[in-house]
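Student: Below is one structure. I have some questions about it.
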Amino acid sequence: MVCLGNICRSPLAEGVLRQKIEEYNIKNIEVDSCGTSNYHIGQAPDQRTQDNALQNGTNLSQLRARQFEVSDFDRFDKIYVMDSSNKSNVLELARNEADKNKVDLFLNIRYPNQNLQVPDPYFGGEQGFQNVYKLVDETCEALIS
Ligand code: 4NP
């Protein structure tokens, strides 16, 4: 799960998916998240994201931001990006077609081929965080299915 800062959208996607994997007792799946930028390396998720997630039953307090690295293409089968600028940033680091083919917009899981983006809630108000939670939750549910 990849976004820009790894403090709002992608840690939420990681946390929600981890929770569902546990709930549905799914084995043999590794989940992680990161950001394309180095802005927030080592930081816990944004307090507003954490507060909203907790209101919805998801605790993100243990997560810490890291930056996307080329070796992530080797570690993961799928790389889900939250928006099209995240996608360009990740594709710039791809070494070959196989790397590129791993990258897809996260919302294409729930809304195939529509190329919808998870809006960045960082500069907005409270409703933005709830909107993102709902999108992420229903998309992780679709991923599990
Ligand atoms: P995220 O949100 O990419 O969903 O983690 C952002 C976090 C930080 C910044 C931008 C977006 N920033 O500019 O610091």
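We label chains A, B, ... in the order they appear in the structure tokens, count residues from 1 in each chain, and number ligands from 1 in the order shown.
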Which chains and residue numbers are within 7 Å of ligand 1, counting only C-alpha atoms and all ligand atoms, if I want them as an MDAnalysis selection string?

Tutor: chainID A and resid 3:10 35 39 120:122

Student: Neighbours of Thr49 of chain A within 12 Å (only C-alpha atoms; same-chain residues fewer than 5 positions away dropped), as a PyMOL selection string?

Tutor: chain A and resi 6-13+15+44+54-56+58-61+63+120-133

Student: Which residues in chain A does DSSP call strand (DSSP E or B)? List them as an NGL selection string.

Tutor: :A and (2-3 or 34-35 or 67 or 79-81 or 103-105)

Student: Nearest to Lys102 of chain A: which of A:Glu141, A:Asp77, A:Glu69, A:Asp46 is it, counting only C-alpha atoms?

Tutor: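 Nearest candidate to Lys102 of chain A out of A:Glu141, A:Asp77, A:Glu69, A:Asp46: A:Asp77.
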
Student: List the neighbours of Leu93 of chain A out to 10 Å using only C-alpha atoms; skip same-chain residues closer than 3 positions along the sequence, and give me the result as a list in words.

Tutor: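 Surrounding residues, per the criterion: Phe68, Glu69, Val70, Phe73, Ser88, Asn89, Val90, Asn96, Asp99 and Lys100 of chain A.
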
Student: Kindly save the residues from that selection, with C-alpha atoms included, as a PDB file, in the first residue's frame.

Tutor:
ATOM      1  CA  PHE A  68       9.238   3.055  -0.967  1.00  0.00           C
ATOM      2  CA  GLU A  69      12.378   1.328  -2.218  1.00  0.00           C
ATOM      3  CA  VAL A  70      13.227  -0.637  -5.350  1.00  0.00           C
ATOM      4  CA  PHE A  73       9.287  -4.802  -6.273  1.00  0.00           C
ATOM      5  CA  SER A  88       4.035   7.787 -11.584  1.00  0.00           C
ATOM      6  CA  ASN A  89       6.527   8.014  -8.725  1.00  0.00           C
ATOM      7  CA  VAL A  90       6.580   4.242  -8.243  1.00  0.00           C
ATOM      8  CA  ASN A  96      11.379  -3.770 -16.076  1.00  0.00           C
ATOM      9  CA  ASP A  99       7.938  -4.501 -11.915  1.00  0.00           C
ATOM     10  CA  LYS A 100       5.499  -2.223 -13.757  1.00  0.00           C
TER      11      LYS A 100
END

Student: Report, in Å to a single decimal, how far apart atom CA of Arg95 of chain A and atom CA of Leu17 of chain A are.

Tutor: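 We find that atom CA of Leu17 of chain A and atom CA of Arg95 of chain A lie 27.7 Å from each other.
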
Student: Quick one: of A:Lys134, A:Phe106, A:Ser145, A:Cys140, who's nearest to Arg18 of chain A, counting only C-alpha atoms?

Tutor: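 Checking each candidate against Arg18 of chain A, we get A:Cys140 as the closest.
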
Student: Could you work out how far atom CA of Met1 of chain A lies from atom CA of Val31 of chain A, giving the answer in Å with one decimal?

Tutor: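 Result for atom CA of Val31 of chain A versus atom CA of Met1 of chain A: 7.8 Å, one decimal.
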
Student: Using only C-alpha atoms, can you tell me which of A:Thr139, A:Asn38, A:Leu91, A:Glu23 comes closest to Tyr111 of chain A?

Tutor: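 The answer is A:Thr139, which sits nearest to Tyr111 of chain A.
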
Student: So, with only C-alpha atoms as the atoms that count, which of A:Arg48, A:Arg64, A:Lys87, A:Lys20 lies closest to Thr36 of chain A?

Tutor: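 Smallest distance to Thr36 of chain A is found for A:Lys87.
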
Student: May I ask which of the residues A:Val2, A:Ile26, A:Ile109, A:Ala94 is the closest one to Ala65 of chain A, counting only C-alpha atoms?

Tutor: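 Using only C-alpha atoms, the shortest distance to Ala65 of chain A belongs to A:Val2.
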
Student: Write out as an mmCIF file with N, CA and C atoms, in the first residue's frame all residues of segment 31-141 of chain A that backbone DSSP assigns to helix (DSSP H, G or I).

Tutor:
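Once everything was written out, this is out.cif:
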data_model
loop_
_atom_site.group_PDB
_atom_site.id
_atom_site.type_symbol
_atom_site.label_atom_id
_atom_site.label_comp_id
_atom_site.auth_asym_id
_atom_site.auth_seq_id
_atom_site.Cartn_x
_atom_site.Cartn_y
_atom_site.Cartn_z
ATOM 1 N N GLN A 47 -2.111 12.214 13.418
ATOM 2 C CA GLN A 47 -3.018 12.067 14.564
ATOM 3 C C GLN A 47 -4.481 12.033 14.140
ATOM 4 N N ARG A 48 -4.824 12.820 13.110
ATOM 5 C CA ARG A 48 -6.222 12.849 12.642
ATOM 6 C C ARG A 48 -6.603 11.520 12.008
ATOM 7 N N THR A 49 -5.671 10.926 11.286
ATOM 8 C CA THR A 49 -5.918 9.599 10.696
ATOM 9 C C THR A 49 -6.069 8.568 11.810
ATOM 10 N N GLN A 50 -5.171 8.634 12.803
ATOM 11 C CA GLN A 50 -5.245 7.688 13.924
ATOM 12 C C GLN A 50 -6.566 7.825 14.686
ATOM 13 N N ASP A 51 -6.973 9.068 14.963
ATOM 14 C CA ASP A 51 -8.202 9.291 15.727
ATOM 15 C C ASP A 51 -9.413 8.769 14.966
ATOM 16 N N ASN A 52 -9.460 9.097 13.682
ATOM 17 C CA ASN A 52 -10.601 8.650 12.883
ATOM 18 C C ASN A 52 -10.627 7.118 12.781
ATOM 19 N N ALA A 53 -9.459 6.522 12.535
ATOM 20 C CA ALA A 53 -9.395 5.063 12.404
ATOM 21 C C ALA A 53 -9.868 4.401 13.702
ATOM 22 N N LEU A 54 -9.421 4.938 14.829
ATOM 23 C CA LEU A 54 -9.791 4.351 16.117
ATOM 24 C C LEU A 54 -11.308 4.457 16.352
ATOM 25 N N GLN A 55 -11.888 5.581 15.939
ATOM 26 C CA GLN A 55 -13.355 5.725 16.031
ATOM 27 C C GLN A 55 -14.066 4.644 15.222
ATOM 28 N N ASP A 72 11.165 -3.280 -2.883
ATOM 29 C CA ASP A 72 9.748 -3.607 -2.684
ATOM 30 C C ASP A 72 9.163 -4.323 -3.906
ATOM 31 N N PHE A 73 9.737 -4.076 -5.081
ATOM 32 C CA PHE A 73 9.287 -4.802 -6.273
ATOM 33 C C PHE A 73 9.602 -6.295 -6.142
ATOM 34 N N ASP A 74 10.656 -6.635 -5.396
ATOM 35 C CA ASP A 74 11.011 -8.044 -5.197
ATOM 36 C C ASP A 74 10.230 -8.670 -4.044
ATOM 37 N N ARG A 75 9.926 -7.845 -3.042
ATOM 38 C CA ARG A 75 9.248 -8.378 -1.838
ATOM 39 C C ARG A 75 7.770 -8.657 -2.050
ATOM 40 N N SER A 84 -2.746 8.830 -8.765
ATOM 41 C CA SER A 84 -1.968 8.703 -9.995
ATOM 42 C C SER A 84 -0.569 9.300 -9.849
ATOM 43 N N SER A 85 -0.393 10.259 -8.947
ATOM 44 C CA SER A 85 0.979 10.769 -8.768
ATOM 45 C C SER A 85 1.828 9.750 -8.012
ATOM 46 N N ASN A 86 1.233 9.036 -7.059
ATOM 47 C CA ASN A 86 1.961 7.927 -6.409
ATOM 48 C C ASN A 86 2.360 6.895 -7.469
ATOM 49 N N LYS A 87 1.431 6.669 -8.412
ATOM 50 C CA LYS A 87 1.681 5.660 -9.450
ATOM 51 C C LYS A 87 2.870 6.075 -10.321
ATOM 52 N N SER A 88 2.895 7.333 -10.764
ATOM 53 C CA SER A 88 4.035 7.787 -11.584
ATOM 54 C C SER A 88 5.334 7.670 -10.811
ATOM 55 N N ASN A 89 5.300 8.060 -9.521
ATOM 56 C CA ASN A 89 6.527 8.014 -8.725
ATOM 57 C C ASN A 89 7.059 6.590 -8.578
ATOM 58 N N VAL A 90 6.154 5.639 -8.388
ATOM 59 C CA VAL A 90 6.580 4.242 -8.243
ATOM 60 C C VAL A 90 7.060 3.699 -9.596
ATOM 61 N N LEU A 91 6.330 4.032 -10.650
ATOM 62 C CA LEU A 91 6.710 3.505 -11.975
ATOM 63 C C LEU A 91 8.075 4.018 -12.428
ATOM 64 N N GLU A 92 8.431 5.224 -11.987
ATOM 65 C CA GLU A 92 9.751 5.766 -12.316
ATOM 66 C C GLU A 92 10.877 4.880 -11.792
ATOM 67 N N GLU A 97 9.340 -4.592 -17.116
ATOM 68 C CA GLU A 97 7.883 -4.735 -17.291
ATOM 69 C C GLU A 97 7.256 -5.494 -16.124
ATOM 70 N N ALA A 98 7.981 -6.479 -15.611
ATOM 71 C CA ALA A 98 7.444 -7.267 -14.486
ATOM 72 C C ALA A 98 7.188 -6.372 -13.281
ATOM 73 N N ASP A 99 8.136 -5.462 -13.009
ATOM 74 C CA ASP A 99 7.938 -4.501 -11.915
ATOM 75 C C ASP A 99 6.701 -3.652 -12.199
ATOM 76 N N LYS A 100 6.614 -3.120 -13.398
ATOM 77 C CA LYS A 100 5.499 -2.223 -13.757
ATOM 78 C C LYS A 100 4.155 -2.916 -13.608
ATOM 79 N N ASN A 101 4.125 -4.200 -13.987
ATOM 80 C CA ASN A 101 2.850 -4.943 -13.958
ATOM 81 C C ASN A 101 2.339 -5.200 -12.548
ATOM 82 N N PHE A 106 -5.154 1.392 -6.081
ATOM 83 C CA PHE A 106 -5.844 0.655 -5.029
ATOM 84 C C PHE A 106 -7.356 0.534 -5.314
ATOM 85 N N LEU A 107 -7.974 1.634 -5.736
ATOM 86 C CA LEU A 107 -9.440 1.599 -5.926
ATOM 87 C C LEU A 107 -9.862 0.758 -7.129
ATOM 88 N N ASN A 108 -8.896 0.371 -7.992
ATOM 89 C CA ASN A 108 -9.251 -0.544 -9.087
ATOM 90 C C ASN A 108 -9.643 -1.926 -8.574
ATOM 91 N N GLU A 126 -12.252 17.149 8.762
ATOM 92 C CA GLU A 126 -12.587 15.879 9.401
ATOM 93 C C GLU A 126 -13.333 14.919 8.458
ATOM 94 N N GLN A 127 -14.243 15.476 7.651
ATOM 95 C CA GLN A 127 -15.051 14.623 6.775
ATOM 96 C C GLN A 127 -14.180 13.864 5.778
ATOM 97 N N GLY A 128 -13.069 14.506 5.369
ATOM 98 C CA GLY A 128 -12.146 13.867 4.433
ATOM 99 C C GLY A 128 -11.593 12.565 4.989
ATOM 100 N N PHE A 129 -11.315 12.531 6.278
ATOM 101 C CA PHE A 129 -10.747 11.327 6.898
ATOM 102 C C PHE A 129 -11.781 10.207 6.956
ATOM 103 N N GLN A 130 -13.031 10.574 7.238
ATOM 104 C CA GLN A 130 -14.080 9.556 7.279
ATOM 105 C C GLN A 130 -14.362 9.019 5.875
ATOM 106 N N ASN A 131 -14.330 9.909 4.896
ATOM 107 C CA ASN A 131 -14.516 9.501 3.502
ATOM 108 C C ASN A 131 -13.438 8.499 3.091
ATOM 109 N N VAL A 132 -12.183 8.805 3.459
ATOM 110 C CA VAL A 132 -11.074 7.906 3.126
ATOM 111 C C VAL A 132 -11.245 6.571 3.861
ATOM 112 N N TYR A 133 -11.667 6.624 5.125
ATOM 113 C CA TYR A 133 -11.842 5.365 5.863
ATOM 114 C C TYR A 133 -12.843 4.457 5.141
ATOM 115 N N LYS A 134 -13.956 5.046 4.720
ATOM 116 C CA LYS A 134 -15.007 4.269 4.077
ATOM 117 C C LYS A 134 -14.504 3.637 2.761
ATOM 118 N N LEU A 135 -13.800 4.442 1.959
ATOM 119 C CA LEU A 135 -13.242 3.940 0.693
ATOM 120 C C LEU A 135 -12.259 2.801 0.949
ATOM 121 N N VAL A 136 -11.380 3.006 1.932
ATOM 122 C CA VAL A 136 -10.343 2.009 2.228
ATOM 123 C C VAL A 136 -10.980 0.730 2.774
ATOM 124 N N ASP A 137 -11.957 0.889 3.650
ATOM 125 C CA ASP A 137 -12.592 -0.284 4.259
ATOM 126 C C ASP A 137 -13.307 -1.128 3.213
ATOM 127 N N GLU A 138 -14.073 -0.507 2.354
ATOM 128 C CA GLU A 138 -14.824 -1.294 1.364
ATOM 129 C C GLU A 138 -13.885 -1.896 0.326
ATOM 130 N N THR A 139 -12.773 -1.220 0.049
ATOM 131 C CA THR A 139 -11.831 -1.756 -0.935
ATOM 132 C C THR A 139 -11.038 -2.929 -0.354
ATOM 133 N N CYS A 140 -10.675 -2.851 0.922
ATOM 134 C CA CYS A 140 -9.994 -3.983 1.568
ATOM 135 C C CYS A 140 -10.945 -5.183 1.656
ATOM 136 N N GLU A 141 -12.207 -4.923 1.881
ATOM 137 C CA GLU A 141 -13.196 -5.999 1.903
ATOM 138 C C GLU A 141 -13.264 -6.673 0.517
#

Student: Could you tell me how far atom CA of Gln19 of chain A sits from atom CA of Leu116 of chain A, in Å to one decimal place?

Tutor: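 Separation between atom CA of Leu116 of chain A and atom CA of Gln19 of chain A: 23.9 Å.
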